[in-house]
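protein_0.csv, holding CSV, C-alpha atoms:
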chain,number,residue,atom,x,y,z
B,2,MET,CA,222.6,40.8,46.1
B,3,LYS,CA,222.1,43.9,48.2
B,4,THR,CA,219.6,46.5,47.0
B,5,MET,CA,221.0,49.9,46.5
B,6,LEU,CA,218.7,52.6,48.0
B,7,LEU,CA,218.4,56.2,46.9
B,8,TYR,CA,216.1,58.7,48.5
B,9,VAL,CA,214.4,61.8,47.0
B,10,SER,CA,212.7,64.5,49.1
B,11,ILE,CA,211.2,67.9,48.7
B,12,ASN,CA,213.8,68.9,51.4
B,13,GLY,CA,216.6,67.3,49.4
B,14,ASP,CA,219.5,68.7,47.5
B,15,ASP,CA,220.8,67.4,44.1
B,16,ARG,CA,224.3,68.0,45.3
B,17,TRP,CA,223.9,65.3,48.0
B,18,SER,CA,224.5,61.6,47.6
B,19,GLY,CA,220.8,60.5,48.0
B,20,ARG,CA,221.8,57.7,50.4
B,21,LEU,CA,220.1,59.2,53.4
B,22,PRO,CA,216.3,59.4,53.9
B,23,VAL,CA,216.6,62.8,55.7
B,24,PRO,CA,219.1,65.6,55.6
B,25,ALA,CA,222.1,65.1,58.0
B,26,GLU,CA,222.0,67.5,61.0
B,27,ASP,CA,225.2,69.2,59.7
B,28,GLY,CA,223.7,69.7,56.2
B,29,SER,CA,226.5,67.7,54.6
B,30,ASP,CA,224.4,65.0,53.0
B,31,GLY,CA,220.9,63.8,52.6
B,32,PRO,CA,218.3,62.9,50.0
B,33,LEU,CA,218.3,64.1,46.4
B,34,ALA,CA,215.8,66.8,45.4
B,35,THR,CA,214.6,65.5,42.0
B,36,LEU,CA,213.7,62.3,40.3
B,37,GLY,CA,215.8,63.3,37.3
B,38,ARG,CA,218.9,63.5,39.5
B,39,ALA,CA,218.1,60.1,41.1
B,40,ARG,CA,217.9,58.7,37.5
B,41,ASP,CA,221.3,60.3,36.6
B,42,VAL,CA,222.9,59.0,39.8
B,43,LEU,CA,221.7,55.4,39.0
B,44,ARG,CA,223.0,55.7,35.4
B,45,LYS,CA,226.4,56.7,36.7
B,46,LEU,CA,226.5,53.9,39.3
B,47,LYS,CA,225.5,51.3,36.8
B,48,LYS,CA,228.6,52.1,34.8
B,49,ASP,CA,230.7,51.2,37.9
B,50,GLU,CA,231.5,47.5,38.1
B,51,ASP,CA,230.6,47.4,41.9
B,52,ALA,CA,227.1,48.7,41.3
B,53,VAL,CA,225.5,45.4,40.2
B,54,GLY,CA,222.1,44.5,41.6
B,55,PRO,CA,218.7,45.9,42.1
B,56,ALA,CA,218.0,49.5,43.0
B,57,THR,CA,215.1,51.3,44.7
B,58,VAL,CA,214.4,55.0,44.7
B,59,MET,CA,212.3,55.9,47.7
B,60,ILE,CA,210.4,59.1,47.2
B,61,ARG,CA,209.5,61.0,50.4
B,62,GLU,CA,206.2,62.6,51.0
B,63,GLY,CA,205.3,65.7,49.1
B,64,LYS,CA,204.3,67.3,45.8
B,65,TYR,CA,206.8,67.0,43.0
B,66,LEU,CA,206.1,69.4,40.1
B,67,LEU,CA,208.2,68.5,37.2
B,68,ASN,CA,209.5,71.3,35.0
B,69,ASP,CA,210.7,68.9,32.3
B,70,THR,CA,209.6,65.4,31.2
B,71,LEU,CA,211.3,62.6,33.2
B,72,VAL,CA,212.7,60.4,30.4
B,73,LEU,CA,213.5,56.8,31.3
B,74,GLY,CA,215.2,54.7,28.6
B,75,LEU,CA,216.6,51.2,28.2
B,76,GLN,CA,219.7,52.2,30.2
B,77,ASP,CA,217.4,52.9,33.2
B,78,GLY,CA,216.0,49.4,33.4
B,79,GLY,CA,217.0,46.4,35.3
B,80,SER,CA,220.2,45.4,33.4
B,81,ARG,CA,223.4,44.4,35.2
B,82,GLY,CA,221.8,42.2,37.8
B,83,GLY,CA,218.5,43.6,39.0
B,84,THR,CA,215.4,45.7,38.7
B,85,VAL,CA,215.0,49.4,39.3
B,86,LEU,CA,212.0,50.5,41.3
B,87,TYR,CA,210.7,54.0,42.0
B,88,CYS,CA,208.2,54.1,44.8
B,89,ALA,CA,206.8,56.1,47.7
B,90,TYR,CA,208.5,55.8,51.0
B,91,PRO,CA,206.5,53.4,53.2
B,92,GLY,CA,203.4,55.1,54.7
B,93,GLU,CA,203.9,58.4,52.8
B,94,ARG,CA,201.9,59.9,50.0
B,95,VAL,CA,203.6,61.3,46.9
B,96,PHE,CA,202.1,63.5,44.2
B,97,ILE,CA,204.0,63.8,40.9
B,98,SER,CA,202.8,66.2,38.2
B,99,GLY,CA,204.2,67.2,34.9
B,100,GLY,CA,201.2,69.2,33.8
B,101,SER,CA,200.7,72.9,33.6
B,102,VAL,CA,198.3,74.8,35.8
B,103,VAL,CA,195.4,76.1,33.8
B,104,GLY,CA,193.6,79.2,35.2
B,105,GLY,CA,190.4,81.0,34.4

What would the structure in this file look like if it were written as structure tokens?
Amino acid sequence: MKTMLLYVSINGDDRWSGRLPVPAEDGSDGPLATLGRARDVLRKLKKDEDAVGPATVMIREGKYLLNDTLVLGLQDGGSRGGTVLYCAYPGERVFISGGSVVGG
């Protein structure tokens, strides 16, 4: 089985497919911007009969400040033939925070 790859980047756009690790030169496609959108894309693809197998979401380097809780449920797991892995892109550092900044 072939692993489906999706990419998330601070330079991404949630209107793109998420299938490219960097934005296309013409701006027509590239990585997604948020983890939530990557989750939603995987959910949709898992309903498709052709989307059977493992999936990996590669998160490109940067700071991801979540405005909302990233909720993963049973439907986001490894059903239909494979696991789902969220991980940093090889050699890159990723910081994900859902907290609030406290001042003073």

**OP:** Name the closest residue to B:Gly37 among the candidates B:Asp15, B:Asp49, B:Pro55, B:Ala25; distances are taken between atoms, counting only C-alpha atoms.
**Re:** B:Asp15

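Nearest residue to B:Glu93, choosing from B:Leu33, B:Leu46, B:Ser10, B:Leu73 and counting all atoms listed in the file: B:Ser10.
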
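The space separating atom CA of B:Gln76 from atom CA of B:Ser101 comes to 28.3 Å.
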
Original post:
Which residue out of B:Ala89, B:Gly19, B:Asn68, B:Thr4 has the minimum interatomic distance to B:Ala56 when all atoms listed in the file are used?
Top reply: B:Thr4

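Restricting the calculation to only C-alpha atoms, the smallest distance between B:Met59 and any of B:Arg94, B:Gly78, B:Trp17, B:Leu7 is found for B:Leu7.
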
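Shortest atom-to-atom contact with B:Arg16 among B:Lys3, B:Lys64, B:Val42, B:Lys47: B:Val42, counting all atoms listed in the file.
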
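Proximity ranking of B:Gly54, B:Gly63, B:Arg40, B:Asp69 relative to B:Asn12 places B:Gly63 first, based on only C-alpha atoms.
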
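Across the structure, atom CA of B:Asp77 and atom CA of B:Pro24 are spaced 25.8 Å apart.
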
**OP:** Quick one: everything within 12 Å of B:Glu62, counting all atoms listed in the file, minus sequence neighbours fewer than 4 positions away in the same chain. Send it as a list in words.
**Re:** Tyr8, Val9, Ser10, Ile11, Asn12, Gly13, Pro22, Val23, Ala34, Cys88, Ala89, Tyr90, Pro91, Gly92, Glu93, Arg94, Val95, Phe96 and Ile97 of chain B

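If you look at atom CA of B:Leu36 and atom CA of B:Leu66, they are 10.4 Å away from each other.
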